[in-house]
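Coordinates from start.cif are shown below (mmCIF, C-alpha atoms).
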```cif
data_run
loop_
_atom_site.label_atom_id
_atom_site.label_comp_id
_atom_site.auth_asym_id
_atom_site.auth_seq_id
_atom_site.Cartn_x
_atom_site.Cartn_y
_atom_site.Cartn_z
CA MET A 100 40.20 151.30 97.17
CA VAL A 101 43.26 152.32 99.14
CA ALA A 102 45.05 155.63 98.58
CA GLY A 103 47.74 155.34 95.95
CA GLU A 104 46.39 152.11 94.52
CA LEU A 105 47.04 151.50 90.85
CA THR A 106 44.06 150.70 88.78
CA LYS A 107 44.50 147.73 86.51
CA GLY A 108 44.23 149.64 83.26
CA ASP A 109 46.98 152.16 84.03
CA GLY A 110 50.48 151.89 82.68
CA LEU A 111 52.48 150.68 79.69
CA ASP A 112 52.53 147.36 77.94
CA ARG A 113 55.36 145.56 79.75
CA ARG A 114 56.62 143.63 76.75
CA SER A 115 56.86 146.68 74.47
CA ALA A 116 58.47 148.75 77.22
CA SER A 117 61.04 146.04 77.99
CA ALA A 118 61.88 145.50 74.31
CA MET A 119 62.35 149.21 73.70
CA LEU A 120 64.47 149.57 76.84
CA LEU A 121 66.77 146.67 75.94
CA SER A 122 67.23 147.92 72.38
CA ALA A 123 68.48 151.24 73.74
CA CYS A 124 71.17 149.67 75.97
CA PRO A 125 72.69 146.91 73.82
CA ASP A 126 75.90 146.65 75.88
CA ALA A 127 74.13 145.99 79.17
CA LEU A 128 74.75 142.89 81.20
CA VAL A 129 71.28 141.99 82.44
CA ILE A 130 69.99 140.17 85.51
CA ALA A 131 66.24 139.57 85.55
CA GLY A 132 64.27 139.00 88.74
CA LEU A 133 62.03 135.97 88.93
CA GLY A 134 58.61 135.84 87.31
CA SER A 135 57.32 138.29 84.75
CA ALA A 136 60.54 140.31 84.48
CA SER A 137 62.43 137.19 83.39
CA TYR A 138 59.76 136.43 80.80
CA ASP A 139 59.87 140.03 79.56
CA LEU A 140 63.65 139.94 79.18
CA PHE A 141 63.51 136.65 77.28
CA ALA A 142 60.69 137.90 75.05
CA ALA A 143 62.76 141.00 74.23
CA GLY A 144 65.39 138.70 72.70
CA ASP A 145 67.60 136.08 74.30
CA ARG A 146 71.28 137.04 74.65
CA ASN A 147 74.29 135.37 76.22
CA ALA A 148 74.65 138.33 78.60
CA ASN A 149 71.17 137.76 80.06
CA PHE A 150 70.81 135.94 83.36
CA TYR A 151 67.30 134.83 84.27
CA LEU A 152 66.35 134.11 87.87
CA TRP A 153 63.66 131.50 88.49
CA GLY A 154 63.92 131.78 92.26
CA ALA A 155 66.12 133.55 94.84
CA MET A 156 63.38 136.14 95.27
CA GLY A 157 64.78 139.42 96.53
CA GLY A 158 68.26 138.65 95.22
CA ALA A 159 68.33 140.29 91.79
CA ALA A 160 69.57 143.74 92.84
CA ALA A 161 72.27 142.37 95.14
CA MET A 162 73.39 140.02 92.39
CA GLY A 163 73.53 143.00 90.05
CA LEU A 164 75.73 144.82 92.56
CA GLY A 165 78.29 142.00 92.66
CA LEU A 166 78.30 141.94 88.87
CA ALA A 167 78.56 145.73 88.53
CA LEU A 168 81.52 145.90 90.89
CA ALA A 169 83.23 143.08 88.98
CA GLN A 170 82.56 144.69 85.57
CA PRO A 171 82.91 148.45 86.12
CA ARG A 172 83.29 149.20 82.40
CA ARG A 173 80.02 147.55 81.38
CA PRO A 174 76.53 148.84 82.06
CA VAL A 175 74.63 146.46 84.34
CA LEU A 176 70.85 146.37 84.34
CA VAL A 177 68.71 144.65 86.93
CA LEU A 178 65.27 144.23 85.41
CA THR A 179 62.77 143.16 88.01
CA GLY A 180 59.24 143.44 89.32
CA ASP A 181 57.84 145.34 92.26
CA GLY A 182 57.29 142.24 94.40
CA GLU A 183 60.83 140.98 93.82
CA GLN A 184 62.37 144.35 94.61
CA LEU A 185 60.22 144.82 97.71
CA MET A 186 61.68 141.60 99.09
CA GLY A 187 65.17 142.97 98.48
CA MET A 188 64.62 146.52 99.65
CA GLY A 189 67.64 146.38 101.95
CA ALA A 190 69.81 145.80 98.89
CA LEU A 191 68.95 149.32 97.75
CA ALA A 192 70.72 150.62 100.85
CA THR A 193 73.66 148.31 100.19
CA ILE A 194 73.92 149.46 96.56
CA ALA A 195 73.67 153.14 97.49
CA VAL A 196 76.60 152.79 99.89
CA GLN A 197 78.80 151.30 97.11
CA ARG A 198 77.42 153.73 94.49
CA PRO A 199 78.55 151.87 91.36
CA LEU A 200 78.43 154.17 88.33
CA ASN A 201 77.31 151.37 86.03
CA LEU A 202 74.31 149.85 87.86
CA THR A 203 70.66 150.57 87.14
CA VAL A 204 67.67 148.85 88.70
CA VAL A 205 64.54 149.01 86.57
CA VAL A 206 61.32 147.99 88.28
CA LEU A 207 58.46 146.97 86.03
CA ASP A 208 55.77 147.97 88.47
CA ASN A 209 52.28 146.58 88.03
CA GLY A 210 51.49 146.86 91.74
CA ARG A 211 50.70 143.16 91.75
CA TYR A 212 52.13 139.74 92.47
CA ALA A 213 51.27 138.58 88.96
CA GLU A 214 52.74 135.09 89.25
CA THR A 215 50.54 134.12 92.17
CA GLY A 216 47.18 135.58 91.20
CA MET A 217 47.52 139.35 90.93
CA GLN A 218 47.36 140.11 94.64
CA LEU A 219 48.12 143.78 95.37
CA SER A 220 51.69 144.58 96.34
CA HIS A 221 52.90 147.40 98.57
CA THR A 222 53.57 149.62 95.55
CA ALA A 223 49.85 149.59 94.83
CA LEU A 224 49.25 150.52 98.45
CA GLY A 225 51.35 153.64 98.76
CA VAL A 226 54.99 152.51 98.80
CA SER A 227 57.27 154.21 96.27
CA LEU A 228 60.44 152.32 95.32
CA PRO A 229 62.02 155.38 93.62
CA ALA A 230 61.47 157.33 96.84
CA VAL A 231 63.11 154.52 98.82
CA ALA A 232 66.07 154.51 96.41
CA ALA A 233 66.37 158.30 96.59
CA ALA A 234 66.30 158.18 100.39
CA CYS A 235 69.04 155.54 100.33
CA GLY A 236 71.24 157.81 98.23
CA PHE A 237 70.91 156.59 94.64
CA ALA A 238 72.44 159.07 92.19
CA TRP A 239 69.17 159.32 90.24
CA THR A 240 65.66 157.91 90.07
CA MET A 241 63.01 158.08 87.38
CA GLU A 242 59.28 157.49 87.13
CA LEU A 243 58.12 156.48 83.66
CA ALA A 244 54.59 156.13 82.43
CA GLU A 245 55.06 156.91 78.74
CA MET A 246 56.78 155.03 75.96
CA ASP A 247 58.66 157.99 74.54
CA VAL A 248 60.88 158.29 77.64
CA ILE A 249 61.84 154.61 77.68
CA ARG A 250 64.56 155.23 75.10
CA THR A 251 65.96 158.05 77.25
CA LEU A 252 66.20 155.63 80.15
CA GLY A 253 67.92 153.04 77.95
CA LYS A 254 70.50 155.59 76.81
CA ARG A 255 71.14 156.60 80.39
CA ILE A 256 71.77 152.94 81.30
CA GLN A 257 74.02 152.47 78.26
CA THR A 258 76.14 155.52 79.11
CA MET A 259 76.53 154.65 82.83
CA GLN A 260 75.51 157.86 84.51
CA GLY A 261 75.64 156.75 88.11
CA CYS A 262 73.65 154.24 90.08
CA GLY A 263 69.96 154.68 89.44
CA LEU A 264 66.53 153.20 89.91
CA ALA A 265 63.68 153.65 87.46
CA ARG A 266 60.12 152.62 87.93
CA ILE A 267 58.18 151.85 84.78
CA ARG A 268 54.50 151.74 85.45
CA VAL A 269 53.09 148.77 83.55
CA ARG A 270 49.56 147.47 83.18
CA ALA A 271 48.40 144.80 85.59
CA GLU A 272 47.36 142.22 83.04
CA GLU A 273 48.04 138.59 82.28
CA VAL A 274 50.65 138.22 79.54
CA THR A 275 51.43 134.85 77.98
CA ARG A 276 54.60 133.57 79.59
CA ALA A 277 57.79 133.48 77.49
CA LEU A 278 59.96 130.94 79.23
CA PRO A 279 63.77 131.15 79.24
CA SER A 280 66.01 128.22 80.14
CA ARG A 281 65.68 126.96 83.71
CA ASP A 282 69.15 125.43 83.69
CA GLY A 283 71.11 127.66 86.06
CA VAL A 284 74.50 126.08 85.37
CA TRP A 285 74.09 126.63 81.65
CA LEU A 286 72.92 130.22 82.10
CA LYS A 287 75.87 130.95 84.38
CA ASN A 288 78.48 129.46 82.06
CA ARG A 289 76.95 131.10 79.01
CA PHE A 290 77.00 134.48 80.74
CA ARG A 291 80.63 134.07 81.82
CA SER A 292 81.66 132.98 78.37
CA ALA A 293 80.08 136.15 76.93
CA LEU A 294 82.59 138.04 79.06
CA GLY A 295 85.48 135.78 78.06
CA PHE A 296 85.61 133.74 81.27
CA PRO A 297 85.82 129.94 81.40
CA PRO A 298 83.14 127.98 83.32
CA MET A 299 85.54 127.50 86.25
CA MET B 196 92.44 136.95 117.76
CA ILE B 197 94.23 139.61 115.74
CA VAL B 198 96.85 137.13 114.61
CA TRP B 199 94.48 134.58 113.16
CA GLN B 200 92.27 137.23 111.60
CA ASP B 201 95.34 138.66 109.88
CA ARG B 202 96.06 135.18 108.54
CA ILE B 203 92.54 134.99 107.12
CA PHE B 204 93.09 138.36 105.45
CA GLU B 205 96.36 137.22 103.86
CA THR B 206 94.75 133.97 102.71
CA LEU B 207 91.80 135.74 101.08
CA LYS B 208 94.15 138.20 99.42
CA ALA B 209 96.37 135.42 98.11
CA GLY B 210 93.21 133.63 96.92
CA LYS B 211 92.43 136.67 94.71
CA ILE B 212 89.20 137.46 96.53
CA THR B 213 88.25 141.03 95.71
CA GLN B 214 84.72 141.49 97.09
CA VAL B 215 84.22 140.98 100.83
CA ALA B 216 80.57 141.27 101.79
CA TYR B 217 79.67 141.28 105.45
CA VAL B 218 77.20 141.80 108.21
CA PRO B 219 79.58 142.72 111.00
CA ASP B 220 80.51 140.54 113.93
CA ALA B 221 83.02 141.23 116.67
CA GLY B 222 84.89 138.12 115.58
CA HIS B 223 85.34 139.53 112.08
CA ALA B 224 86.14 143.11 113.18
CA ARG B 225 89.89 142.97 112.57
CA LEU B 226 89.46 141.24 109.21
CA ILE B 227 86.95 143.85 108.04
CA GLU B 228 89.38 146.61 109.02
CA ARG B 229 92.15 144.97 107.04
CA VAL B 230 89.90 144.63 103.98
CA GLU B 231 88.90 148.28 104.23
CA GLY B 232 92.57 149.20 104.14
CA ALA B 233 93.39 146.97 101.15
CA GLU B 234 93.53 148.55 97.69
CA GLN B 235 92.63 145.47 95.72
CA MET B 236 89.72 144.46 97.98
CA ARG B 237 86.36 146.07 98.60
CA ALA B 238 84.42 145.74 101.85
CA ILE B 239 80.67 145.69 101.23
CA VAL B 240 78.40 146.19 104.22
CA LEU B 241 75.05 144.41 103.88
CA THR B 242 71.70 144.99 105.54
CA THR B 243 71.05 141.23 105.69
CA GLU B 244 73.21 138.22 104.96
CA GLU B 245 71.14 136.86 102.07
CA GLU B 246 72.17 139.90 100.02
CA GLY B 247 75.70 138.62 100.35
CA VAL B 248 74.80 135.23 98.91
CA ALA B 249 73.31 136.86 95.80
CA LEU B 250 76.17 139.36 95.58
CA THR B 251 78.86 136.67 95.58
CA CYS B 252 77.06 134.94 92.69
CA GLY B 253 76.92 138.19 90.73
CA ALA B 254 80.62 138.74 91.34
CA TRP B 255 81.40 135.31 89.91
CA LEU B 256 79.28 135.99 86.83
CA GLY B 257 81.46 139.06 86.32
CA GLY B 258 84.72 137.17 86.79
CA GLU B 259 85.57 138.07 90.38
CA ARG B 260 85.83 136.05 93.56
CA ALA B 261 83.85 137.13 96.62
CA VAL B 262 83.40 135.98 100.19
CA LEU B 263 80.60 136.46 102.73
CA LEU B 264 81.48 137.16 106.36
CA MET B 265 78.74 136.67 108.91
CA GLN B 266 77.78 135.45 112.35
CA SER B 267 75.98 132.14 112.88
CA SER B 268 72.61 133.88 113.31
CA GLY B 269 72.96 135.19 109.75
CA VAL B 270 73.04 131.69 108.29
CA GLY B 271 69.34 131.42 109.01
CA ASN B 272 68.69 134.55 106.97
CA CYS B 273 70.29 133.00 103.89
CA VAL B 274 68.41 129.76 103.51
CA ASN B 275 66.31 130.29 100.36
CA MET B 276 69.05 132.31 98.69
CA PHE B 277 71.30 129.24 98.88
CA SER B 278 69.09 127.76 96.14
CA LEU B 279 70.76 130.23 93.74
CA VAL B 280 74.14 128.79 94.67
CA SER B 281 73.12 125.16 94.33
CA ASN B 282 70.96 125.48 91.21
CA CYS B 283 73.67 127.29 89.27
CA ARG B 284 76.57 125.53 90.97
CA PHE B 285 78.16 128.85 91.86
CA PRO B 286 81.36 128.74 93.89
CA PHE B 287 80.45 130.09 97.32
CA LEU B 288 82.62 130.82 100.32
CA THR B 289 81.46 132.06 103.70
CA LEU B 290 83.32 132.51 106.97
CA VAL B 291 80.97 132.22 109.92
CA THR B 292 81.81 133.32 113.45
CA MET B 293 79.91 131.13 115.90
CA ARG B 294 77.68 132.28 118.69
CA GLY B 295 75.36 130.31 120.91
CA GLU B 296 77.80 127.56 121.76
CA TRP B 297 80.87 127.83 124.01
CA ALA B 298 80.27 129.98 127.15
CA GLU B 299 77.38 131.87 125.55
CA PHE B 300 75.76 134.47 127.80
CA ASN B 301 72.85 135.37 125.51
CA PRO B 302 70.31 132.56 125.19
CA TRP B 303 68.81 134.19 122.09
CA GLN B 304 71.93 133.18 120.18
CA VAL B 305 71.63 129.52 121.07
CA PRO B 306 68.91 128.17 118.72
CA MET B 307 70.57 129.36 115.52
CA GLY B 308 74.02 128.51 116.86
CA LYS B 309 72.90 124.93 117.37
CA ALA B 310 71.32 124.78 113.94
CA THR B 311 74.08 126.46 111.94
CA ARG B 312 75.84 123.34 110.67
CA SER B 313 72.69 121.39 109.87
CA VAL B 314 71.06 124.35 108.08
CA LEU B 315 74.13 124.81 105.90
CA GLU B 316 74.41 121.10 105.17
CA SER B 317 70.69 120.86 104.41
CA MET B 318 71.20 123.40 101.64
CA GLY B 319 74.21 121.59 100.20
CA VAL B 320 77.00 123.65 101.76
CA THR B 321 80.17 121.80 102.83
CA VAL B 322 81.09 122.75 106.39
CA TYR B 323 84.59 123.04 107.85
CA ARG B 324 85.04 123.93 111.49
CA VAL B 325 88.02 125.55 113.18
CA ARG B 326 88.58 125.34 116.93
CA ARG B 327 92.26 126.26 117.24
CA ALA B 328 94.03 129.38 116.02
CA ASP B 329 96.80 127.26 114.51
CA ASP B 330 94.30 125.61 112.14
CA VAL B 331 92.68 128.77 110.81
CA GLU B 332 95.00 129.51 107.92
CA GLN B 333 95.11 126.06 106.38
CA THR B 334 91.37 125.56 106.78
CA VAL B 335 90.49 128.85 105.11
CA GLN B 336 93.02 128.07 102.39
CA ALA B 337 91.39 124.68 101.80
CA ALA B 338 87.95 126.30 101.71
CA VAL B 339 89.08 128.88 99.13
CA ASP B 340 90.44 126.09 96.93
CA LEU B 341 87.39 123.86 97.30
CA ALA B 342 85.03 126.73 96.52
CA PHE B 343 86.78 128.27 93.54
CA GLU B 344 88.73 125.34 92.08
CA SER B 345 85.91 122.80 92.45
CA ASN B 346 82.86 125.06 92.19
CA GLN B 347 81.55 124.11 95.61
CA ALA B 348 79.67 125.91 98.34
CA VAL B 349 81.82 125.99 101.48
CA ALA B 350 81.40 127.44 104.95
CA VAL B 351 84.13 127.74 107.55
CA LEU B 352 82.71 127.88 111.07
CA LEU B 353 85.02 129.76 113.43
CA SER B 354 84.25 128.35 116.87
CA GLN B 355 83.23 130.57 119.72
CA GLN B 356 86.07 129.06 121.71
CA LEU B 357 88.49 130.51 119.19
CA ILE B 358 86.89 133.94 119.31
CA GLY B 359 86.69 134.08 123.08
CA ARG B 360 84.15 135.27 125.60
CA LYS B 361 82.28 138.46 124.98
CA SER B 362 82.55 140.90 127.86
CA TRP B 363 79.02 142.05 128.67
CA LEU B 364 79.64 144.41 131.57
CA PRO B 365 82.67 146.38 132.74
CA GLY B 366 84.85 144.18 134.93
CA ASN B 367 83.45 140.90 133.59
#
```
structure tokens encoding of this file:
Amino acid sequence: MVAGELTKGDGLDRRSASAMLLSACPDALVIAGLGSASYDLFAAGDRNANFYLWGAMGGAAAMGLGLALAQPRRPVLVLTGDGEQLMGMGALATIAVQRPLNLTVVVLDNGRYAETGMQLSHTALGVSLPAVAAACGFAWTMELAEMDVIRTLGKRIQTMQGCGLARIRVRAEEVTRALPSRDGVWLKNRFRSALGFPPM
Amino acid sequence: MIVWQDRIFETLKAGKITQVAYVPDAGHARLIERVEGAEQMRAIVLTTEEEGVALTCGAWLGGERAVLLMQSSGVGNCVNMFSLVSNCRFPFLTLVTMRGEWAEFNPWQVPMGKATRSVLESMGVTVYRVRRADDVEQTVQAAVDLAFESNQAVAVLLSQQLIGRKSWLPGN
């Protein structure tokens, strides 16, 4: 046991937490990082303004930044896992420098690489992503371990209160995969059409 | 150098590019300055080039056009992120200042400089190269059109010969 390690039983049910979060920010444009976060977003209810990554690990937050800058009047949510965000930790610095009012990164943190066999990630071994985001200069960060604050987080996302990062501590457990479309071109064009843009 | 960089700036502006993501390079310095001074454009400094690949895709999802400025060494940092561009057929435009080729002093720049074109092409990116200042404007213009009118991934390599020798020590 290493200091700071999550035990498997700690944390919220990721599917319930994601569904409650999404229901509290219905206007959000959402990018989901690869793996479990994409499945969670899809399971919470497919929408045209959802974009699911199946690869490009480490890219979700930076993609969210480009989207947030392009759509300053819409809340943008990057829903991702700890492993995905750890690979894109530099993007937190890049986001903090731009400080978009409408961008929130939510990390569903199980302290594991669930897709590849539940190996421990850095967040189970002492690394705090909210502390990294705060050090970078994010306007706010949150740590959530209880369901009744999820709605508060969703409202904060919906009302665009500055660029933030929230860590939701979720249980490290196998959840049946809920698989969104893998057709990137279709997802892209569907997303753009939800905003009134043509495919090209 | 200032003249052709100003032409790139005007071409990007005319091409309605609003997000300019970059990891700095001396060859892009003037262009970055111009972008920072432009009201309708935003300069976005990155910690690593692959962030810029993902960012340009996000910009397009949101209805804006973006470009990534980097040095040839940065192309190597982007490789897996290019799968986002090709899988989703995102328009993608990057302007790459070359190192490790003409009159290079630093051998550490050479391996990636040699591999830049083949790495880009391996990941499905169309590569244009510019050697002469007079060709910069029309090449960048063509790259903007190919990227955003035909949904292609395009890189413009700005040759080291165009950028000129880097002065390493006073008097050199």
6 Å contact set for range 202-210 of chain A, only C-alpha atoms, chain neighbours under 6 positions out, as a PyMOL selection string: chain A and resi 167+175-181+219-220+222-223+262-271
Residues matched by the PyMOL selection byres ((chain A) within 8 of (chain B)), written as a PyMOL selection string: chain A and resi 154-156+158-159+161-170+187+189-190+192-193+197+282-287+290-291+294+296+299
Would you write out those residues with C-alpha atoms, as a CSV table (one decimal), in the coordinates of the input?
```csv
chain,number,residue,atom,x,y,z
A,154,GLY,CA,63.9,131.8,92.3
A,155,ALA,CA,66.1,133.6,94.8
A,156,MET,CA,63.4,136.1,95.3
A,158,GLY,CA,68.3,138.6,95.2
A,159,ALA,CA,68.3,140.3,91.8
A,161,ALA,CA,72.3,142.4,95.1
A,162,MET,CA,73.4,140.0,92.4
A,163,GLY,CA,73.5,143.0,90.0
A,164,LEU,CA,75.7,144.8,92.6
A,165,GLY,CA,78.3,142.0,92.7
A,166,LEU,CA,78.3,141.9,88.9
A,167,ALA,CA,78.6,145.7,88.5
A,168,LEU,CA,81.5,145.9,90.9
A,169,ALA,CA,83.2,143.1,89.0
A,170,GLN,CA,82.6,144.7,85.6
A,187,GLY,CA,65.2,143.0,98.5
A,189,GLY,CA,67.6,146.4,102.0
A,190,ALA,CA,69.8,145.8,98.9
A,192,ALA,CA,70.7,150.6,100.8
A,193,THR,CA,73.7,148.3,100.2
A,197,GLN,CA,78.8,151.3,97.1
A,282,ASP,CA,69.2,125.4,83.7
A,283,GLY,CA,71.1,127.7,86.1
A,284,VAL,CA,74.5,126.1,85.4
A,285,TRP,CA,74.1,126.6,81.6
A,286,LEU,CA,72.9,130.2,82.1
A,287,LYS,CA,75.9,131.0,84.4
A,290,PHE,CA,77.0,134.5,80.7
A,291,ARG,CA,80.6,134.1,81.8
A,294,LEU,CA,82.6,138.0,79.1
A,296,PHE,CA,85.6,133.7,81.3
A,299,MET,CA,85.5,127.5,86.2
```
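You will find CA of Arg281 in chain A at 11.0 Å from CA of Leu133 in chain A.
Compared by their closest atoms to Gly271 in chain B, and using all atoms listed in the file, the residues B:Gln333, B:Thr292, B:Met307, B:Phe287 rank with B:Met307 nearest.
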What would the selection look like, as a PDB file with C-alpha atoms, in the frame of the given file, if the PyMOL selection byres ((chain B and resi 311) around 9) were run on the coordinates I just shared?
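Written out: selection.pdb:
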```pdb
ATOM      1  CA  SER B 267      75.980 132.140 112.880  1.00  0.00           C
ATOM      2  CA  SER B 268      72.610 133.880 113.310  1.00  0.00           C
ATOM      3  CA  VAL B 270      73.040 131.690 108.290  1.00  0.00           C
ATOM      4  CA  GLY B 271      69.340 131.420 109.010  1.00  0.00           C
ATOM      5  CA  MET B 293      79.910 131.130 115.900  1.00  0.00           C
ATOM      6  CA  PRO B 306      68.910 128.170 118.720  1.00  0.00           C
ATOM      7  CA  MET B 307      70.570 129.360 115.520  1.00  0.00           C
ATOM      8  CA  GLY B 308      74.020 128.510 116.860  1.00  0.00           C
ATOM      9  CA  LYS B 309      72.900 124.930 117.370  1.00  0.00           C
ATOM     10  CA  ALA B 310      71.320 124.780 113.940  1.00  0.00           C
ATOM     11  CA  ARG B 312      75.840 123.340 110.670  1.00  0.00           C
ATOM     12  CA  SER B 313      72.690 121.390 109.870  1.00  0.00           C
ATOM     13  CA  VAL B 314      71.060 124.350 108.080  1.00  0.00           C
ATOM     14  CA  LEU B 315      74.130 124.810 105.900  1.00  0.00           C
ATOM     15  CA  GLU B 316      74.410 121.100 105.170  1.00  0.00           C
ATOM     16  CA  LEU B 352      82.710 127.880 111.070  1.00  0.00           C
TER      17      LEU B 352
END
```
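Ranking A:Pro174, A:Gly182, A:Pro199, A:Pro279 by their shortest atom-to-atom distance to Met217 in chain A, with all atoms listed in the file included, puts A:Gly182 first.
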Explicit residue set for the PyMOL selection byres ((chain B and resi 332) around 12), as a PyMOL selection string: chain B and resi 198-207+209-210+324-331+333-339+351+353
